[in-house]
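**Q** Supplied in C-alpha cells, the structure appears directly below.
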Amino acid sequence: MEILQELIPSPTPTSAALGYFDGVHRGHQAVIAEAVAAAKAQGLRSTVFTLQQSPRVLLLGEKPQNIMTTEDKLSVLEALGVEQVYLIDFAAVRQITAEDFVEKILRDRFHARHLSCGFNYHFGAGAAGSGEMLEDMCRTYGISVFARPRITFEEMPISSTRIRKSILQGQIEEVNAMLGRPYGFFLPVIHGEQVGRTWGTPTLNQAFPEGLVQPLFGVYASRVTIDGSLWCGVTNIGVRPTVGSRSVLIETWMPDYHGPDLYGQTLRVDLLRFIRPERRFDTTDALRREILRNASQAQQIFRELPLP
C-alpha cells in the first residue's frame, strides 16, 4: 500500500473513500469496502483520503483523543484492500473551499471516477460541503458518488464519538462489537521495575501512547498475539496506585506463557472484557492475590468469548 503525505497526482484514476476514519469501525469499513469493490469492478486504484489529525484539534484546540494510532489505522486500511492512502496534514487543506476540493483535488489530483463516503460526510473550509453537495458537484465531472447509510449497533448509529465514550467507560465488549474486531494496542515491550517477576507474575510493559483516548483505568481480560499465536492475558491499564507509576502503563501478565523474554518486540494486546476498576491495596500480598484471582477470570473469558 502506498502512503502519500502530499497531494501529488495519482498515477491512475481512482475510486476513493473519504473520511477521517478514526477507529475504522464497521461503518467506516462499509464505506471503504464499497470504494474497493468499485475499484475492482471498474479497473481503478482503490484509494483513501484521510487526515493526519482530527480537524477538532486544530480548529477547537482540543486534546487529541483518537481511538487508534496512525500506524494501526494504516494497517487496517491495507488489510481492507486499499492500495493508496493520501494521509494529509489538515493545516494544508483547511482553507480549501468545497468547490476547489472537488475540482482541484478529487478531479485533478485523484483523477477520481468514483467516491464513497459516510452519510454525514462534510468537506471544504468550514465543513461547508455536504454529501448532497458532493454528489451535485461531482456529477459535473462525471464522478459517481456513493453515500453509505448509517450502520447501527443496538438501534443507535455507530460513530467514533460513541466508541470513545464506551472506551472511557470500560465497555469493551460494546467497543469490539462496533469496531468489528477487538480493540487494542500494537506497541513495543519496554523494561519495567520487574515487581511482577518477584511475585511470579511477570508482565509485558507497554507505555500508553499520547493522543489516544484512555480506557477506564482497571483490569481487563485480554489476548496477546506472539508470532501468530494467541495467549490469554490479564491487563492492567493505569498508574498502579499500590506500587506507583510516573505515567500510564499497559501491563499484561500471560499466566499460561512460559517462553523467552519479549523485551524490544512490538506486540498486539487486545482487550476482551473489563474485570474491575484500578484500586489501591493495603499490602502487596493482597494485590498479588487479586492478580491471581483476576487471571482465573481472564482465562475463563478467553476460553468462552467468541472473537472475530
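Here, A, B, ... name the chains of the C-alpha cells in the order displayed, residue numbers run from 1 inside each chain, and ligands are numbered from 1 in the same displayed order.
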Which of range 7-41 of chain A counts as strand (DSSP E or B) under DSSP, as a PyMOL selection string please?
**A** chain A and resi 14-18
**Q** Kindly save the residues from that selection, with C-alpha atoms included, as a CSV table (one decimal), in the first residue's frame.
**A**
```csv
chain,number,residue,atom,x,y,z
A,14,THR,CA,-9.1,6.2,-8.5
A,15,SER,CA,-12.1,5.0,-6.6
A,16,ALA,CA,-11.7,6.9,-3.3
A,17,ALA,CA,-13.2,6.7,0.2
A,18,LEU,CA,-13.3,10.0,2.0
```
**Q** If we count only C-alpha atoms and set the cut-off at 7 Å, which residues sit around range 166-178 of chain A, ignoring sequence neighbours fewer than 2 positions away in its own chain? Please answer as a short mmCIF file (atom, residue, chain, number, x, y, z; two decimals) with C-alpha atoms, in the first residue's frame.
**A**
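Dumped to part.cif:
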```cif
data_model
loop_
_atom_site.label_atom_id
_atom_site.label_comp_id
_atom_site.auth_asym_id
_atom_site.auth_seq_id
_atom_site.Cartn_x
_atom_site.Cartn_y
_atom_site.Cartn_z
CA HIS A 25 -15.24 0.95 12.75
CA ARG A 26 -17.92 -1.08 10.98
CA PHE A 153 -25.47 -1.19 16.95
CA ILE A 158 -22.13 3.54 15.19
CA ARG A 162 -19.85 6.72 20.66
CA ILE A 163 -16.90 4.31 20.65
CA ARG A 164 -14.71 6.78 22.55
CA GLY A 180 -15.95 -5.38 14.26
CA ARG A 181 -12.67 -6.56 15.79
CA PRO A 182 -11.03 -6.47 19.24
CA TYR A 183 -9.85 -3.08 20.47
CA GLN A 214 -7.54 6.37 27.69
CA PRO A 215 -9.69 3.40 28.68
CA LEU A 216 -11.22 3.31 32.13
CA LEU A 271 -8.86 -6.08 25.34
CA LEU A 272 -11.77 -8.52 25.68
CA ARG A 273 -13.71 -7.56 28.80
CA PHE A 274 -13.43 -5.22 31.78
#
```
**Q** To one decimal place, how far is CA of Gly218 in chain A from CA of Met156 in chain A in Å?
**A**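 It comes out at 27.1 Å.
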**Q** Closest to Trp231 in chain A among A:Leu267, A:Leu212, A:Ala127, A:Val57, using only C-alpha atoms?
**A**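 Ranking A:Leu267, A:Leu212, A:Ala127, A:Val57 by distance to Trp231 in chain A, first place goes to A:Leu267.
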**Q** So, with only C-alpha atoms as the atoms that count, which of A:Val248, A:Leu262, A:Val76, A:Ile275 lies closest to Thr235 in chain A?
**A**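 Once distances to Thr235 in chain A are computed over only C-alpha atoms, the minimum belongs to A:Ile275.
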**Q** Find the residue from A:Gln52, A:Thr12, A:Asn120, A:Thr152 that sits nearest to Glu83 in chain A; use only C-alpha atoms when measuring.
**A**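 Smallest distance to Glu83 in chain A is found for A:Thr12.
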**Q** Restricting the calculation to only C-alpha atoms: of A:Ala221, A:Gly124, A:Ile151, A:Leu44, which residue gets closest to Gln95 in chain A?
**A**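 So, comparing all the options, the nearest one is A:Gly124.
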**Q** I'd like the contact shell of Glu210 in chain A - 12 Å cut-off, only C-alpha atoms, skipping same-chain residues fewer than 4 positions apart - returned as a PyMOL selection string.
**A** chain A and resi 63-70+214+247-249
**Q** Neighbours of Ser46 in chain A within 12 Å (only C-alpha atoms; same-chain residues fewer than 3 positions away dropped), as a ChimeraX atom specification?
**A** /A:1-2,10-18,31-43,49,77-78,80-86,110-116
